[in-house]
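One file, query11.pdb, is given below (PDB, C-alpha atoms).
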```pdb
ATOM      1  CA  MET R 120      10.665   8.982  10.490
ATOM      2  CA  ARG R 121      10.210  10.510   7.057
ATOM      3  CA  THR R 122       6.970  10.621   5.077
ATOM      4  CA  ILE R 123       6.728  10.075   1.325
ATOM      5  CA  THR R 124       3.627  11.087  -0.633
ATOM      6  CA  SER R 125       2.540   9.429  -3.855
ATOM      7  CA  ILE R 126      -0.486   7.890  -5.538
ATOM      8  CA  VAL R 127      -1.537   4.249  -5.764
ATOM      9  CA  LYS R 128      -0.803   2.814  -9.211
ATOM     10  CA  GLY R 129      -3.209   0.437 -10.963
ATOM     11  CA  VAL R 130      -6.481   1.602  -9.385
ATOM     12  CA  THR R 131      -8.339   1.357 -12.710
ATOM     13  CA  PHE R 132      -7.454  -2.298 -13.351
ATOM     14  CA  ALA R 133      -9.255  -5.360 -12.023
ATOM     15  CA  ASP R 134      -7.259  -7.295  -9.438
ATOM     16  CA  GLU R 135      -5.214  -9.907 -11.322
ATOM     17  CA  GLU R 136      -5.792 -12.691  -8.802
ATOM     18  CA  SER R 137      -9.409 -12.187  -7.747
ATOM     19  CA  GLY R 138     -10.785 -10.287 -10.750
ATOM     20  CA  GLN R 139     -12.336  -7.844  -8.280
ATOM     21  CA  ASP R 140     -13.227  -4.401  -9.695
ATOM     22  CA  ARG R 141     -10.882  -2.053  -7.828
ATOM     23  CA  GLN R 142     -12.852   1.078  -8.718
ATOM     24  CA  ALA R 143     -16.044  -0.401  -7.267
ATOM     25  CA  PHE R 144     -14.217  -1.362  -4.057
ATOM     26  CA  ILE R 145     -12.436   2.004  -3.714
ATOM     27  CA  GLY R 146     -15.754   3.787  -4.172
ATOM     28  CA  THR R 147     -17.054   2.124  -0.986
ATOM     29  CA  LEU R 148     -14.140   3.318   1.159
ATOM     30  CA  PRO R 149     -14.696   6.162   3.648
ATOM     31  CA  ASP R 150     -13.968   9.753   2.726
ATOM     32  CA  GLU R 151     -11.792   9.966   5.856
ATOM     33  CA  PRO R 152      -8.172   8.727   5.842
ATOM     34  CA  PHE R 153      -7.796   4.934   5.952
ATOM     35  CA  VAL R 154      -4.987   2.416   6.425
ATOM     36  CA  LEU R 155      -3.474   0.351   3.610
ATOM     37  CA  GLN R 156      -1.424  -2.777   4.293
ATOM     38  CA  PRO R 157       1.724  -3.041   2.154
ATOM     39  CA  LYS R 158       2.749  -6.562   1.094
ATOM     40  CA  LEU R 159       5.872  -7.553  -0.811
ATOM     41  CA  GLU R 160       5.184  -9.372  -4.095
ATOM     42  CA  PRO R 161       8.532 -10.979  -5.033
ATOM     43  CA  ASP R 162       6.809 -13.205  -7.622
ATOM     44  CA  ASN R 163       5.176 -10.274  -9.427
ATOM     45  CA  PRO R 164       5.921 -10.848 -13.154
ATOM     46  CA  TYR R 165       6.269  -7.106 -13.837
ATOM     47  CA  ASP R 166       8.469  -6.038 -10.897
ATOM     48  CA  ALA R 167      10.324  -8.240  -8.385
ATOM     49  CA  ASN R 168      10.245  -5.292  -5.956
ATOM     50  CA  ALA R 169       6.483  -4.756  -6.278
ATOM     51  CA  ILE R 170       4.607  -3.762  -3.140
ATOM     52  CA  GLY R 171       0.874  -4.429  -3.266
ATOM     53  CA  LEU R 172      -1.439  -2.237  -1.215
ATOM     54  CA  TRP R 173      -4.391  -3.901   0.488
ATOM     55  CA  VAL R 174      -7.422  -2.396   2.192
ATOM     56  CA  THR R 175      -9.772  -4.309   4.464
ATOM     57  CA  ARG R 176     -13.281  -3.049   5.142
ATOM     58  CA  GLU R 177     -16.107  -4.447   7.228
ATOM     59  CA  THR R 178     -19.211  -5.689   5.438
ATOM     60  CA  GLY R 179     -22.381  -7.403   6.616
ATOM     61  CA  ASP R 180     -20.680 -10.713   5.740
ATOM     62  CA  GLY R 181     -17.486  -9.899   7.667
ATOM     63  CA  PRO R 182     -14.203  -8.306   6.599
ATOM     64  CA  GLN R 183     -13.448  -7.992   2.892
ATOM     65  CA  ALA R 184      -9.929  -7.297   1.619
ATOM     66  CA  CYS R 185      -8.886  -5.995  -1.788
ATOM     67  CA  ARG R 186      -5.539  -5.239  -3.352
ATOM     68  CA  VAL R 187      -6.324  -1.738  -4.587
ATOM     69  CA  GLY R 188      -3.045  -1.299  -6.477
ATOM     70  CA  HIS R 189       0.689  -0.917  -5.960
ATOM     71  CA  ILE R 190       3.299   1.544  -4.786
ATOM     72  CA  SER R 191       4.879   3.152  -7.849
ATOM     73  CA  ARG R 192       7.904   1.423  -9.362
ATOM     74  CA  ASP R 193      10.131   4.471  -8.789
ATOM     75  CA  LEU R 194       9.632   4.082  -5.018
ATOM     76  CA  SER R 195       9.227   0.320  -4.665
ATOM     77  CA  ALA R 196      12.871  -0.780  -5.099
ATOM     78  CA  ASP R 197      14.060   1.285  -2.120
ATOM     79  CA  LEU R 198      10.986   0.579   0.004
ATOM     80  CA  ALA R 199      11.023  -3.183  -0.738
ATOM     81  CA  ALA R 200      14.680  -3.366   0.325
ATOM     82  CA  ARG R 201      13.830  -1.575   3.546
ATOM     83  CA  MET R 202      10.912  -3.940   4.223
ATOM     84  CA  ARG R 203      13.174  -6.948   3.643
ATOM     85  CA  ALA R 204      15.638  -5.411   6.126
ATOM     86  CA  GLY R 205      12.915  -5.391   8.780
ATOM     87  CA  GLU R 206      11.709  -1.806   8.545
ATOM     88  CA  THR R 207       7.985  -1.126   8.743
ATOM     89  CA  LEU R 208       5.924   0.859   6.247
ATOM     90  CA  ARG R 209       2.833   2.623   7.505
ATOM     91  CA  VAL R 210       0.581   3.701   4.655
ATOM     92  CA  GLN R 211      -2.365   6.036   5.021
ATOM     93  CA  GLY R 212      -4.725   6.593   2.097
ATOM     94  CA  PHE R 213      -7.013   9.395   1.050
ATOM     95  CA  LYS R 214      -9.601   9.029  -1.731
ATOM     96  CA  GLU R 215      -9.512  11.627  -4.484
ATOM     97  CA  ASN R 216     -11.450  12.101  -7.675
ATOM     98  CA  ALA R 217      -9.399  12.273 -10.855
ATOM     99  CA  VAL R 218      -9.770  12.065 -14.622
ATOM    100  CA  ILE R 219      -7.648   9.694 -16.717
ATOM    101  CA  ARG R 220      -7.934   9.813 -20.507
ATOM    102  CA  GLY R 221     -11.213  11.697 -20.157
ATOM    103  CA  GLN R 222     -12.719   9.137 -17.750
ATOM    104  CA  PRO R 223     -13.556  10.022 -14.134
ATOM    105  CA  ILE R 224     -11.981   7.681 -11.581
ATOM    106  CA  VAL R 225     -11.509   7.462  -7.834
ATOM    107  CA  GLY R 226      -7.808   7.475  -7.015
ATOM    108  CA  ILE R 227      -5.935   7.067  -3.761
ATOM    109  CA  ARG R 228      -3.266   9.488  -2.584
ATOM    110  CA  ILE R 229      -0.954   7.914  -0.019
ATOM    111  CA  ALA R 230       1.385   9.021   2.745
ATOM    112  CA  ILE R 231       4.072   6.410   3.472
ATOM    113  CA  SER R 232       5.993   6.552   6.743
ATOM    114  CA  VAL R 233       9.058   4.354   7.166
ATOM    115  CA  SER R 234       9.988   3.213  10.677
ATOM    116  CA  GLN R 235      13.491   1.950  11.157
ATOM    117  CA  ARG R 236      13.969  -1.383  12.807
ATOM    118  CA  ARG R 237      14.792  -1.060  16.462
ATOM    119  CA  ARG R 238      18.186  -2.382  17.314
ATOM    120  CA  THR R 239      18.670  -4.518  20.366
ATOM    121  CA  VAL R 240      21.925  -3.914  22.137
ATOM    122  CA  ALA R 241      23.249  -6.594  24.461
ATOM    123  CA  LEU R 242      24.744  -5.132  27.575
ATOM    124  CA  ARG R 243      27.401  -7.080  29.395
ATOM    125  CA  ASP R 244      27.719  -6.981  33.134
ATOM    126  CA  SER R 245      30.737  -5.045  34.222
ATOM    127  CA  ILE R 246      32.753  -6.083  37.208
TER     128      ILE R 246
END
```
Write out the structure in this file as structure tokens.
Amino acid sequence: MRTITSIVKGVTFADEESGQDRQAFIGTLPDEPFVLQPKLEPDNPYDANAIGLWVTRETGDGPQACRVGHISRDLSADLAARMRAGETLRVQGFKENAVIRGQPIVGIRIAISVSQRRRTVALRDSI
């Protein structure tokens, strides 16, 4: 299993579907590593191979999920094809402070592990 490191793209934008402020949500995440759930977005108008990254956290009102951004386009074509082929992506995130165009933000550095699909081999009885 190989591990790819990158950053989450789009963390400074509001979520397109919910309008949720991603920076506000990311700011509430733990300082320890956390899990992100990758989801294919074949209907994404900007990239048919887009992979959204979701984080779920517990609140007093129950679990709350937010799409915090996307895997970068330069990685998503290969990774989306692998997901469609049945391989599993495991994504671990780490918060990091950054500055973009002079503005402080909270970014997410990610480590992506790709697990190959297990093959089932049919064994025939031998006589």
Starting from the displayed file, determine the output of the PyMOL selection byres ((chain R and resi 195-199) around 10) and express the residue list as a PDB file with C-alpha atoms, in the frame of the given file.
```pdb
ATOM      1  CA  PRO R 157       1.724  -3.041   2.154  1.00  0.00           C
ATOM      2  CA  LYS R 158       2.749  -6.562   1.094  1.00  0.00           C
ATOM      3  CA  LEU R 159       5.872  -7.553  -0.811  1.00  0.00           C
ATOM      4  CA  GLU R 160       5.184  -9.372  -4.095  1.00  0.00           C
ATOM      5  CA  PRO R 161       8.532 -10.979  -5.033  1.00  0.00           C
ATOM      6  CA  ASP R 166       8.469  -6.038 -10.897  1.00  0.00           C
ATOM      7  CA  ALA R 167      10.324  -8.240  -8.385  1.00  0.00           C
ATOM      8  CA  ASN R 168      10.245  -5.292  -5.956  1.00  0.00           C
ATOM      9  CA  ALA R 169       6.483  -4.756  -6.278  1.00  0.00           C
ATOM     10  CA  ILE R 170       4.607  -3.762  -3.140  1.00  0.00           C
ATOM     11  CA  GLY R 171       0.874  -4.429  -3.266  1.00  0.00           C
ATOM     12  CA  HIS R 189       0.689  -0.917  -5.960  1.00  0.00           C
ATOM     13  CA  ILE R 190       3.299   1.544  -4.786  1.00  0.00           C
ATOM     14  CA  SER R 191       4.879   3.152  -7.849  1.00  0.00           C
ATOM     15  CA  ARG R 192       7.904   1.423  -9.362  1.00  0.00           C
ATOM     16  CA  ASP R 193      10.131   4.471  -8.789  1.00  0.00           C
ATOM     17  CA  LEU R 194       9.632   4.082  -5.018  1.00  0.00           C
ATOM     18  CA  ALA R 200      14.680  -3.366   0.325  1.00  0.00           C
ATOM     19  CA  ARG R 201      13.830  -1.575   3.546  1.00  0.00           C
ATOM     20  CA  MET R 202      10.912  -3.940   4.223  1.00  0.00           C
ATOM     21  CA  ARG R 203      13.174  -6.948   3.643  1.00  0.00           C
ATOM     22  CA  ALA R 204      15.638  -5.411   6.126  1.00  0.00           C
ATOM     23  CA  GLY R 205      12.915  -5.391   8.780  1.00  0.00           C
ATOM     24  CA  GLU R 206      11.709  -1.806   8.545  1.00  0.00           C
ATOM     25  CA  THR R 207       7.985  -1.126   8.743  1.00  0.00           C
ATOM     26  CA  LEU R 208       5.924   0.859   6.247  1.00  0.00           C
ATOM     27  CA  ILE R 231       4.072   6.410   3.472  1.00  0.00           C
ATOM     28  CA  VAL R 233       9.058   4.354   7.166  1.00  0.00           C
TER      29      VAL R 233
END
```
**Study point:** Result set of the PyMOL selection byres ((chain R and resi 226) around 6) on the coordinates above, as a PyMOL selection string
**Key:** chain R and resi 214-216+225+227
Can those selected residues be exported to a file as a PDB file, in the frame of the given file so that it contains C-alpha atoms?
```pdb
ATOM      1  CA  LYS R 214      -9.601   9.029  -1.731  1.00  0.00           C
ATOM      2  CA  GLU R 215      -9.512  11.627  -4.484  1.00  0.00           C
ATOM      3  CA  ASN R 216     -11.450  12.101  -7.675  1.00  0.00           C
ATOM      4  CA  VAL R 225     -11.509   7.462  -7.834  1.00  0.00           C
ATOM      5  CA  ILE R 227      -5.935   7.067  -3.761  1.00  0.00           C
TER       6      ILE R 227
END
```
Check your understanding: If we count only C-alpha atoms, what is near R:Thr131 at a cut-off of 8 Å, once residues fewer than 5 positions away on the same chain are taken out, given as a ChimeraX atom specification?
Key -> /R:141-142,224
Exercise for review: Carefully work through the PyMOL selection byres ((chain R and resi 175-185) around 9) for this structure and note down the residues it includes, as a ChimeraX atom specification.
Suggested key: /R:134,137,139,141,144-145,147-148,154-156,172-174,186-188
Point to revise | Selected residue of minimal separation from R:Glu151 among R:Arg121, R:Gly138, R:Phe213, R:Pro164, counting all atoms listed in the file | key: R:Phe213
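Picture a line from atom CA of R:Val130 to atom CA of R:Ser232; it runs 21.0 Å.
Atom CA of R:Tyr165 is found 24.6 Å from atom CA of R:Gln211.
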Repaired coordinates for stretch 150-165 of chain R (N, CA and C atoms) as a compact mmCIF listing (two decimals), in the coordinates of the input:
```txt
# COMPACT_ATOMS: atom_id res chain seq x y z
N ASP R 150 -14.59 8.52 3.19
CA ASP R 150 -13.97 9.75 2.73
C ASP R 150 -12.86 10.21 3.68
N GLU R 151 -12.85 9.66 4.89
CA GLU R 151 -11.79 9.97 5.86
C GLU R 151 -10.56 9.14 5.53
N PRO R 152 -9.39 9.52 6.07
CA PRO R 152 -8.17 8.73 5.84
C PRO R 152 -8.36 7.28 6.30
N PHE R 153 -7.71 6.35 5.61
CA PHE R 153 -7.80 4.93 5.95
C PHE R 153 -6.42 4.30 5.82
N VAL R 154 -6.27 3.12 6.40
CA VAL R 154 -4.99 2.42 6.42
C VAL R 154 -4.92 1.42 5.28
N LEU R 155 -3.75 1.36 4.63
CA LEU R 155 -3.47 0.35 3.61
C LEU R 155 -2.35 -0.54 4.13
N GLN R 156 -2.46 -1.84 3.87
CA GLN R 156 -1.42 -2.78 4.29
C GLN R 156 -0.51 -3.08 3.11
N PRO R 157 0.78 -2.74 3.23
CA PRO R 157 1.72 -3.04 2.15
C PRO R 157 2.20 -4.49 2.25
N LYS R 158 2.26 -5.18 1.13
CA LYS R 158 2.75 -6.56 1.09
C LYS R 158 3.72 -6.72 -0.06
N LEU R 159 4.89 -7.28 0.24
CA LEU R 159 5.87 -7.55 -0.81
C LEU R 159 5.32 -8.59 -1.78
N GLU R 160 5.61 -8.43 -3.06
CA GLU R 160 5.18 -9.37 -4.10
C GLU R 160 6.40 -9.80 -4.92
N PRO R 161 7.30 -10.60 -4.33
CA PRO R 161 8.53 -10.98 -5.03
C PRO R 161 8.30 -11.79 -6.30
N ASP R 162 7.12 -12.41 -6.43
CA ASP R 162 6.81 -13.20 -7.62
C ASP R 162 6.03 -12.41 -8.67
N ASN R 163 5.90 -11.11 -8.47
CA ASN R 163 5.18 -10.27 -9.43
C ASN R 163 5.91 -10.32 -10.77
N PRO R 164 5.24 -10.70 -11.86
CA PRO R 164 5.92 -10.85 -13.15
C PRO R 164 6.40 -9.53 -13.77
N TYR R 165 5.90 -8.40 -13.27
CA TYR R 165 6.27 -7.11 -13.84
C TYR R 165 7.37 -6.40 -13.05
```
